[in-house]
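Structure first, commentary second.
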Protein chains: 2
Amino acid sequence: MPVKEIFNNPNSRWMDDDGPETGVIISSRVRVARNLKDLPFPHLLDQEKSENVVSTVTPAFQNEETFREDRFEFFRISELSPVERQILVDKHLISPDLLNKLEGKAVVLREDGVVSVMLNEEDHLRIQCLLPGLKLERAWEIVEKVDNGLEKTLDYAYSEKFGYLTACPTNTGTGMRASVMVHLCGLVLTRQLNNMLNAVHKLGLTVRGLYGEGTEALGDLFQISNQITLGQSEGEIIANLNSIARQILAQERSARTVLFKEKKEMIMDRAWRAFGILKNARVMTSEEVMRLISDLRLGVDLGILPAMPLKLLNELMVMTRPAFLTQLAARDMEPHQRDIFRAELVRNGLSGLDGLAG
Amino acid sequence: MPVKEIFNNPNSRWMDDDGPETGVIISSRVRVARNLKDLPFPHLLDQEKSENVVSTVTPAFQNEETFREDRFEFFRISELSPVERQILVDKHLISPDLLNKLEGKAVVLREDGVVSVMLNEEDHLRIQCLLPGLKLERAWEIVEKVDNGLEKTLDYAYSEKFGYLTACPTNTGTGMRASVMVHLCGLVLTRQLNNMLNAVHKLGLTVRGLYGEGTEALGDLFQISNQITLGQSEGEIIANLNSIARQILAQERSARTVLFKEKKEMIMDRAWRAFGILKNARVMTSEEVMRLISDLRLGVDLGILPAMPLKLLNELMVMTRPAFLTQLAARDMEPHQRDIFRAELVRNGLSGLDGLAG
């Protein structure tokens, strides 16, 4: 599919449900921060020099040996529409920060959305890989391959003592941030979430909402990521997060089992009501959709609802956000009009599941 | 069907939707209070004398000329189970007051539930007719026929000056109470209900909830009845209530039209959500069922939802009340168990409408 389809098709590779443990761990992400040796960090760049970053980095993707099989496309953020920019944020392909000031900002996308490289965000390069399920090692392999490929051409700012140098010292060293997006409805419903969050903080990890710092935990979805980039190898960071993700996974599974045993009717009722409302409502906010999809996801995972593709639910989460709705409707809409269009999209999305109704 | 079926079958004749204006006016009821000349009013009767009432009245139903075509059955309230007693209340065939003290209390039921005669409630006889839709004149004709038939045998307490004498002076004269059960969701949603209630009070009528004085307006259902029994003929009482019922009907219809014009999405959303929840929930209180059926009823009336028999909705309202649930389950249940069984009944009841889902 043409790379441009990223803006029209709600699907991204990370939404597939063929990854390990996608019932709880929706996706795994690894990104590294890199900077070019001879240029100041982005916040010190004038427009001309930020263009230098772009014109230096983009040819590096032409490296036949590394990128022969991958189809990458380059987008200047200033040349995207506001809706298209927001779609990239909603799909987790760029950070909201990349949209703060548009000059010199760009992104290089692999057509399947698995790899994205932001230019002139906080660092000159942010190389990201996003995969479905618990696949941190694989994500790191992919990032490493892209990173090594680019390094054949690019001269990175690197210190023997500190490792990769970054605009913010919290990234210095490996420049790596690894994270998992987890659905913790069981811990939320059994009121164990805060205990878990405290434990995770003590282990040096950060927990944020779905769209990064400061966003709320929409639909019981959380991002858990490493905080330390220095003094550990990339492999150690990945192994550590992987191990903690598996512990959280076990806790969430145990909470779900307890709920199903001790509050079976309540859980069945939530799941089927969510299904009935999503399939029938005519006006829905984004927050309500996220909340109901959380209930649906739990119902599917516990076998209360008949199997339905988690991929569909992931897509619905993204396509019912305001930007994607505007793109799909091909017109600007008042919030109330969006709520009506959103409900229609959800009904259509679930219409293939007609035979499931209780 | 055998009269005993009244306790097993949720249907009663008044729930049918073949009456006029059943979209707003669910049923019409007329009852008259009568007392036997030679016995004190029921609250002054000892057990023996209240038995006299029963043994005097019941043979009067043997009057071949009047009752040849009707099948009546006599039930001593004390011989009914608590659940059966409550079912008669839920079906509006007896008043809750009849259950206050059981000795000497009885009811004579016509097999279709259209006519019921309470013995030793506040008066010796309360002859009631209950029909679907706006049918006050017809209900009065039926009551009059039964009343006349009984009077051939019975000697009523009657004064040339005051008319029929009753235990409470508010019934003296005609002894008549006529009422309509109306669904005023439009007036509730447009916040015009209180204005209407005030106007109705000024016209000398009383407005009560679904199960008489002191009950709340479950599911936006109200009973509107005359307060004056003296100084007006039966025909005048009926004509007056009929005329006011038609005005309320017009106001309710106009409120619904305004809602459909000005808040179409909100109304569609309410109706379809109600449908989705009723068809899918696993735990439901009686109050929630009543509230959702109100939304469903409005949706059907406005053509938002595909046509479904109002009779089914009326039956669901009655069969999901605690007494009927217990009868259908054939076992005692904790409230939470009832909520689960209720949700199951509702899903089964609506399962014939599968093709309707949006």
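Just remember, in the structure tokens the first chain shown is A, the second B, etc., residues are 1-based per chain, and ligands are 1-based in the order shown.
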
Return as JSON lines the residues of chain B lying at most 12 Å from chain A, together with the closest atom-to-atom pair for each and the distance in Å to one decimal, counting only C-alpha atoms, with rows in chain order and ascending residue number.
{"residue": "B:Lys263", "atom": "CA", "partner": "A:Val283", "partner_atom": "CA", "distance": 11.6}
{"residue": "B:Lys264", "atom": "CA", "partner": "A:Arg282", "partner_atom": "CA", "distance": 10.1}
{"residue": "B:Glu265", "atom": "CA", "partner": "A:Arg282", "partner_atom": "CA", "distance": 6.6}
{"residue": "B:Met266", "atom": "CA", "partner": "A:Val283", "partner_atom": "CA", "distance": 7.2}
{"residue": "B:Ile267", "atom": "CA", "partner": "A:Arg282", "partner_atom": "CA", "distance": 9.0}
{"residue": "B:Met268", "atom": "CA", "partner": "A:Arg282", "partner_atom": "CA", "distance": 6.4}
{"residue": "B:Asp269", "atom": "CA", "partner": "A:Arg282", "partner_atom": "CA", "distance": 4.4}
{"residue": "B:Arg270", "atom": "CA", "partner": "A:Ala281", "partner_atom": "CA", "distance": 7.6}
{"residue": "B:Ala271", "atom": "CA", "partner": "A:Ala281", "partner_atom": "CA", "distance": 8.4}
{"residue": "B:Trp272", "atom": "CA", "partner": "A:Asn280", "partner_atom": "CA", "distance": 5.2}
{"residue": "B:Arg273", "atom": "CA", "partner": "A:Ala281", "partner_atom": "CA", "distance": 5.1}
{"residue": "B:Ala274", "atom": "CA", "partner": "A:Ile277", "partner_atom": "CA", "distance": 8.3}
{"residue": "B:Phe275", "atom": "CA", "partner": "A:Asn280", "partner_atom": "CA", "distance": 7.5}
{"residue": "B:Gly276", "atom": "CA", "partner": "A:Gly276", "partner_atom": "CA", "distance": 4.1}
{"residue": "B:Ile277", "atom": "CA", "partner": "A:Gly276", "partner_atom": "CA", "distance": 5.4}
{"residue": "B:Leu278", "atom": "CA", "partner": "A:Gly276", "partner_atom": "CA", "distance": 8.3}
{"residue": "B:Lys279", "atom": "CA", "partner": "A:Gly358", "partner_atom": "CA", "distance": 6.9}
{"residue": "B:Asn280", "atom": "CA", "partner": "A:Trp272", "partner_atom": "CA", "distance": 5.2}
{"residue": "B:Ala281", "atom": "CA", "partner": "A:Arg273", "partner_atom": "CA", "distance": 5.1}
{"residue": "B:Arg282", "atom": "CA", "partner": "A:Asp269", "partner_atom": "CA", "distance": 4.4}
{"residue": "B:Val283", "atom": "CA", "partner": "A:Asp269", "partner_atom": "CA", "distance": 5.9}
{"residue": "B:Met284", "atom": "CA", "partner": "A:Asp269", "partner_atom": "CA", "distance": 8.9}
{"residue": "B:Ile304", "atom": "CA", "partner": "A:Arg282", "partner_atom": "CA", "distance": 11.2}
{"residue": "B:Leu305", "atom": "CA", "partner": "A:Asn280", "partner_atom": "CA", "distance": 10.8}
{"residue": "B:His336", "atom": "CA", "partner": "A:Glu265", "partner_atom": "CA", "distance": 9.7}
{"residue": "B:Gln337", "atom": "CA", "partner": "A:Glu265", "partner_atom": "CA", "distance": 9.8}
{"residue": "B:Asp339", "atom": "CA", "partner": "A:Glu265", "partner_atom": "CA", "distance": 10.1}
{"residue": "B:Ile340", "atom": "CA", "partner": "A:Glu265", "partner_atom": "CA", "distance": 7.7}
{"residue": "B:Phe341", "atom": "CA", "partner": "A:Glu265", "partner_atom": "CA", "distance": 11.1}
{"residue": "B:Ala343", "atom": "CA", "partner": "A:Asp269", "partner_atom": "CA", "distance": 9.4}
{"residue": "B:Glu344", "atom": "CA", "partner": "A:Gly358", "partner_atom": "CA", "distance": 9.8}
{"residue": "B:Val346", "atom": "CA", "partner": "A:Gly358", "partner_atom": "CA", "distance": 11.1}
{"residue": "B:Arg347", "atom": "CA", "partner": "A:Gly358", "partner_atom": "CA", "distance": 7.4}
{"residue": "B:Asn348", "atom": "CA", "partner": "A:Gly358", "partner_atom": "CA", "distance": 9.1}
{"residue": "B:Gly349", "atom": "CA", "partner": "A:Gly358", "partner_atom": "CA", "distance": 11.8}
{"residue": "B:Leu350", "atom": "CA", "partner": "A:Gly358", "partner_atom": "CA", "distance": 10.2}
{"residue": "B:Ser351", "atom": "CA", "partner": "A:Gly358", "partner_atom": "CA", "distance": 8.2}
{"residue": "B:Gly352", "atom": "CA", "partner": "A:Gly358", "partner_atom": "CA", "distance": 11.6}
{"residue": "B:Leu353", "atom": "CA", "partner": "A:Ala357", "partner_atom": "CA", "distance": 11.1}
{"residue": "B:Asp354", "atom": "CA", "partner": "A:Ala357", "partner_atom": "CA", "distance": 7.9}
{"residue": "B:Gly355", "atom": "CA", "partner": "A:Asp354", "partner_atom": "CA", "distance": 9.2}
{"residue": "B:Leu356", "atom": "CA", "partner": "A:Asn280", "partner_atom": "CA", "distance": 10.3}
{"residue": "B:Ala357", "atom": "CA", "partner": "A:Asn280", "partner_atom": "CA", "distance": 7.1}
{"residue": "B:Gly358", "atom": "CA", "partner": "A:Asn280", "partner_atom": "CA", "distance": 5.7}

**Prompt:** Can you list, as a list in words, every protein, DNA or RNA residue that comes within 7 Å of B:Asp17 when you count only C-alpha atoms, leaving out same-chain residues fewer than 2 positions away?
**Reply:**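 Neighbouring residues, sequence-local ones excluded: Met15, Gly19, Thr22, Pro132, Leu310 and Lys311 of chain B.
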
With a cut-off of 12 Å, could you pull out the residues of stretch 10-52 of chain B touching stretch 81-97 of chain B and give me the nearest pair of atoms for each, distance in Å to one decimal, using only C-alpha atoms, ordered by chain and ascending number, as a Markdown table?
| residue | atom | partner | partner_atom | distance |
| --- | --- | --- | --- | --- |
| B:Pro10 | CA | B:Lys91 | CA | 8.1 |
| B:Asn11 | CA | B:Lys91 | CA | 8.6 |
| B:Ser12 | CA | B:Lys91 | CA | 7.3 |
| B:Arg13 | CA | B:Lys91 | CA | 10.1 |
| B:Trp14 | CA | B:Lys91 | CA | 9.0 |
| B:Met15 | CA | B:Lys91 | CA | 9.3 |
| B:Ser27 | CA | B:His92 | CA | 10.5 |
| B:Ser28 | CA | B:His92 | CA | 11.3 |
| B:Arg29 | CA | B:His92 | CA | 9.6 |
| B:Val30 | CA | B:Leu93 | CA | 11.7 |
| B:Arg31 | CA | B:Leu93 | CA | 11.0 |

**Request:** Taking the DSSP assignment computed from this structure's backbone, write out as an NGL selection string all residues of stretch 146-305 of chain B that belong to helix (DSSP H, G or I).
**Result:** :B and (146-151 or 169-171 or 185-189 or 193-202 or 218-220 or 234-262 or 264-280 or 286-301)

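For the set A:Ser55, A:Lys49, A:Glu65, A:Asp16, the residue with the smallest atom-to-atom gap to A:Leu312 is A:Asp16, counting only C-alpha atoms.
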
**Request:** From the DSSP assignment of the backbone, select every residue of stretch 70-103 of chain A that is strand (DSSP E), and format the answer as a PyMOL selection string.
**Result:** chain A and resi 72-76

**Request:** Please measure the separation of atom CA of A:Ser225 and atom CA of A:Ile248, giving the value in Å to one decimal.
**Result:** 12.7 Å

**Asked** With only C-alpha atoms as the basis for distance, which of A:Arg338, A:Leu210, A:Glu73, A:Ser254 is at the shortest distance from A:Met317?
**Response**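 Residue with the minimum atom-to-atom distance to A:Met317: A:Leu210.
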
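Of the listed residues (B:Ala255, B:Leu328, B:Leu45, B:Ala33), B:Ala33 comes nearest to B:Tyr158; the distances count only C-alpha atoms.
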
**Message:** Which residues are near A:Thr174? Cut-off 12 Å, only C-alpha atoms, ignore same chain within fewer than 4 positions. Put them as a VMD selection string.
**Reply:** chain A and resid 30 to 34 140 144 147 157 to 166 169 to 170 178 226 to 238

Only N, CA and C atoms, please: the residues just picked out, written as a short mmCIF file (atom, residue, chain, number, x, y, z; two decimals), in the first residue's frame.
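Saved result, result.cif, follows:
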data_model
loop_
_atom_site.label_atom_id
_atom_site.label_comp_id
_atom_site.auth_asym_id
_atom_site.auth_seq_id
_atom_site.Cartn_x
_atom_site.Cartn_y
_atom_site.Cartn_z
N VAL A 30 10.13 0.77 20.87
CA VAL A 30 11.50 1.15 21.22
C VAL A 30 11.88 2.35 20.38
N ARG A 31 12.47 3.35 21.01
CA ARG A 31 12.99 4.46 20.20
C ARG A 31 14.36 4.85 20.76
N VAL A 32 15.21 5.32 19.84
CA VAL A 32 16.48 5.87 20.30
C VAL A 32 16.60 7.32 19.81
N ALA A 33 17.28 8.12 20.63
CA ALA A 33 17.55 9.52 20.28
C ALA A 33 18.97 9.61 19.73
N ARG A 34 19.11 10.29 18.58
CA ARG A 34 20.44 10.47 17.98
C ARG A 34 20.58 11.92 17.53
N TRP A 140 13.64 -3.73 19.23
CA TRP A 140 15.01 -3.20 19.36
C TRP A 140 15.88 -3.66 18.19
N GLU A 144 17.72 -1.06 15.81
CA GLU A 144 19.18 -1.16 15.71
C GLU A 144 19.62 -1.24 14.25
N ASP A 147 19.17 2.16 12.75
CA ASP A 147 20.18 3.02 13.34
C ASP A 147 21.55 2.75 12.72
N ALA A 157 26.63 12.39 17.28
CA ALA A 157 27.30 12.97 18.44
C ALA A 157 27.42 11.87 19.50
N TYR A 158 28.66 11.52 19.82
CA TYR A 158 28.88 10.35 20.69
C TYR A 158 30.10 10.62 21.56
N SER A 159 29.98 10.26 22.83
CA SER A 159 31.11 10.42 23.74
C SER A 159 31.49 9.06 24.27
N GLU A 160 32.82 8.79 24.31
CA GLU A 160 33.26 7.50 24.82
C GLU A 160 32.77 7.31 26.25
N LYS A 161 32.71 8.44 27.01
CA LYS A 161 32.36 8.34 28.42
C LYS A 161 30.86 8.20 28.64
N PHE A 162 30.08 9.03 27.89
CA PHE A 162 28.64 9.10 28.17
C PHE A 162 27.80 8.29 27.18
N GLY A 163 28.38 7.96 26.04
CA GLY A 163 27.57 7.32 25.00
C GLY A 163 26.95 8.38 24.09
N TYR A 164 25.75 8.09 23.56
CA TYR A 164 25.10 9.04 22.65
C TYR A 164 24.70 10.30 23.42
N LEU A 165 25.04 11.47 22.82
CA LEU A 165 24.72 12.74 23.47
C LEU A 165 23.35 13.22 23.00
N THR A 166 22.58 13.74 23.93
CA THR A 166 21.20 14.12 23.59
C THR A 166 20.88 15.50 24.15
N PRO A 169 19.59 15.62 29.16
CA PRO A 169 20.48 14.61 29.76
C PRO A 169 19.76 13.32 30.14
N THR A 170 18.45 13.37 30.31
CA THR A 170 17.75 12.13 30.70
C THR A 170 17.76 11.09 29.59
N ALA A 178 12.20 2.49 25.90
CA ALA A 178 11.40 1.33 25.49
C ALA A 178 10.11 1.37 26.29
N ASN A 226 10.94 2.71 30.43
CA ASN A 226 12.14 2.88 31.26
C ASN A 226 12.44 4.36 31.44
N GLN A 227 13.10 4.71 32.58
CA GLN A 227 13.44 6.09 32.82
C GLN A 227 14.95 6.28 32.66
N ILE A 228 15.69 5.19 32.89
CA ILE A 228 17.16 5.28 32.91
C ILE A 228 17.71 4.91 31.55
N THR A 229 18.60 5.77 31.03
CA THR A 229 19.19 5.51 29.71
C THR A 229 20.70 5.35 29.81
N LEU A 230 21.21 5.66 30.99
CA LEU A 230 22.66 5.70 31.18
C LEU A 230 23.06 4.62 32.18
N GLY A 231 24.19 3.97 31.91
CA GLY A 231 24.69 2.99 32.88
C GLY A 231 24.11 1.60 32.69
N GLN A 232 23.23 1.48 31.72
CA GLN A 232 22.72 0.15 31.37
C GLN A 232 22.89 0.00 29.86
N SER A 233 23.12 -1.22 29.42
CA SER A 233 23.17 -1.44 27.97
C SER A 233 21.75 -1.49 27.42
N GLU A 234 21.66 -1.37 26.09
CA GLU A 234 20.34 -1.47 25.46
C GLU A 234 19.69 -2.80 25.82
N GLY A 235 20.49 -3.86 25.75
CA GLY A 235 19.96 -5.20 26.04
C GLY A 235 19.43 -5.29 27.47
N GLU A 236 20.14 -4.65 28.39
CA GLU A 236 19.69 -4.69 29.79
C GLU A 236 18.37 -3.92 29.97
N ILE A 237 18.29 -2.76 29.32
CA ILE A 237 17.05 -1.97 29.42
C ILE A 237 15.86 -2.79 28.92
N ILE A 238 16.06 -3.41 27.75
CA ILE A 238 14.99 -4.21 27.15
C ILE A 238 14.62 -5.39 28.04
#

**stretch 110-126 of chain A surroundings by only C-alpha atoms, 6 Å radius, close-in-sequence under 3 positions cut, as a ChimeraX atom specification** = /A:3,12-13,32-35,42,71-72,98,105-107,129-130,167

For those residues, write N, CA, C and O atoms to a file as a compact mmCIF listing (two decimals), in the first residue's frame.
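Resulting contents of again38.txt:
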# COMPACT_ATOMS: atom_id res chain seq x y z
N VAL A 3 2.51 4.70 1.03
CA VAL A 3 2.74 5.23 2.38
C VAL A 3 1.63 6.22 2.76
O VAL A 3 1.20 6.28 3.90
N SER A 12 -2.66 0.23 11.54
CA SER A 12 -1.20 0.26 11.55
C SER A 12 -0.76 -1.12 12.02
O SER A 12 -1.52 -1.79 12.71
N ARG A 13 0.45 -1.47 11.68
CA ARG A 13 0.94 -2.80 12.02
C ARG A 13 0.80 -3.11 13.51
O ARG A 13 0.46 -4.23 13.89
N VAL A 32 15.21 5.32 19.84
CA VAL A 32 16.48 5.87 20.30
C VAL A 32 16.60 7.32 19.81
O VAL A 32 16.07 7.70 18.77
N ALA A 33 17.28 8.12 20.63
CA ALA A 33 17.55 9.52 20.28
C ALA A 33 18.97 9.61 19.73
O ALA A 33 19.90 9.06 20.31
N ARG A 34 19.11 10.29 18.58
CA ARG A 34 20.44 10.47 17.98
C ARG A 34 20.58 11.92 17.53
O ARG A 34 19.60 12.56 17.15
N ASN A 35 21.82 12.41 17.57
CA ASN A 35 22.07 13.78 17.11
C ASN A 35 23.30 13.79 16.21
O ASN A 35 24.21 12.96 16.35
N PRO A 42 18.37 20.65 18.37
CA PRO A 42 17.27 21.33 17.67
C PRO A 42 16.79 22.63 18.33
O PRO A 42 16.50 23.60 17.64
N ARG A 71 10.29 0.33 2.25
CA ARG A 71 9.82 1.49 1.52
C ARG A 71 9.58 2.62 2.51
O ARG A 71 8.66 2.57 3.32
N PHE A 72 10.44 3.65 2.46
CA PHE A 72 10.31 4.80 3.35
C PHE A 72 9.79 5.99 2.58
O PHE A 72 10.03 6.14 1.38
N LEU A 98 6.34 17.06 18.40
CA LEU A 98 6.84 17.39 17.05
C LEU A 98 5.99 18.49 16.40
O LEU A 98 6.42 19.14 15.46
N LYS A 105 10.64 20.60 10.98
CA LYS A 105 10.18 19.31 11.51
C LYS A 105 9.81 18.38 10.34
O LYS A 105 9.20 18.83 9.36
N ALA A 106 10.17 17.13 10.50
CA ALA A 106 9.84 16.17 9.44
C ALA A 106 9.75 14.78 10.03
O ALA A 106 10.15 14.55 11.18
N VAL A 107 9.18 13.85 9.26
CA VAL A 107 9.14 12.46 9.70
C VAL A 107 9.37 11.57 8.49
O VAL A 107 8.93 11.88 7.38
N CYS A 129 10.44 2.11 16.60
CA CYS A 129 9.79 0.91 16.06
C CYS A 129 8.64 0.53 16.98
O CYS A 129 8.79 0.53 18.20
N LEU A 130 7.48 0.23 16.39
CA LEU A 130 6.26 -0.05 17.15
C LEU A 130 5.67 -1.35 16.62
O LEU A 130 5.36 -1.47 15.44
N ALA A 167 19.84 16.11 23.60
CA ALA A 167 19.46 17.47 24.01
C ALA A 167 19.11 17.51 25.49
O ALA A 167 19.43 18.46 26.19

**Asked** So which residues touch A:Asp220 within 8 Å, counting only C-alpha atoms, skipping near sequence neighbours fewer than 4 positions away, as JSON, numbers by chain?
**Response** {"A": [183, 184, 185, 188, 291, 294]}

**Asked** Between A:Val108, A:Ile293, A:Glu103, A:Arg256, which is the closest to A:Met308 once you count only C-alpha atoms?
**Response**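 So, comparing all the options, the nearest one is A:Ile293.
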
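The spacing separating atom CA of B:Leu99 from atom CA of B:Gly149 amounts to 26.8 Å.
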
**Request:** Rounded to one decimal place, report the atom CA of B:Leu241-atom CA of B:Pro20 distance in Å.
**Result:**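 Between these atoms lies a distance of 15.4 Å.
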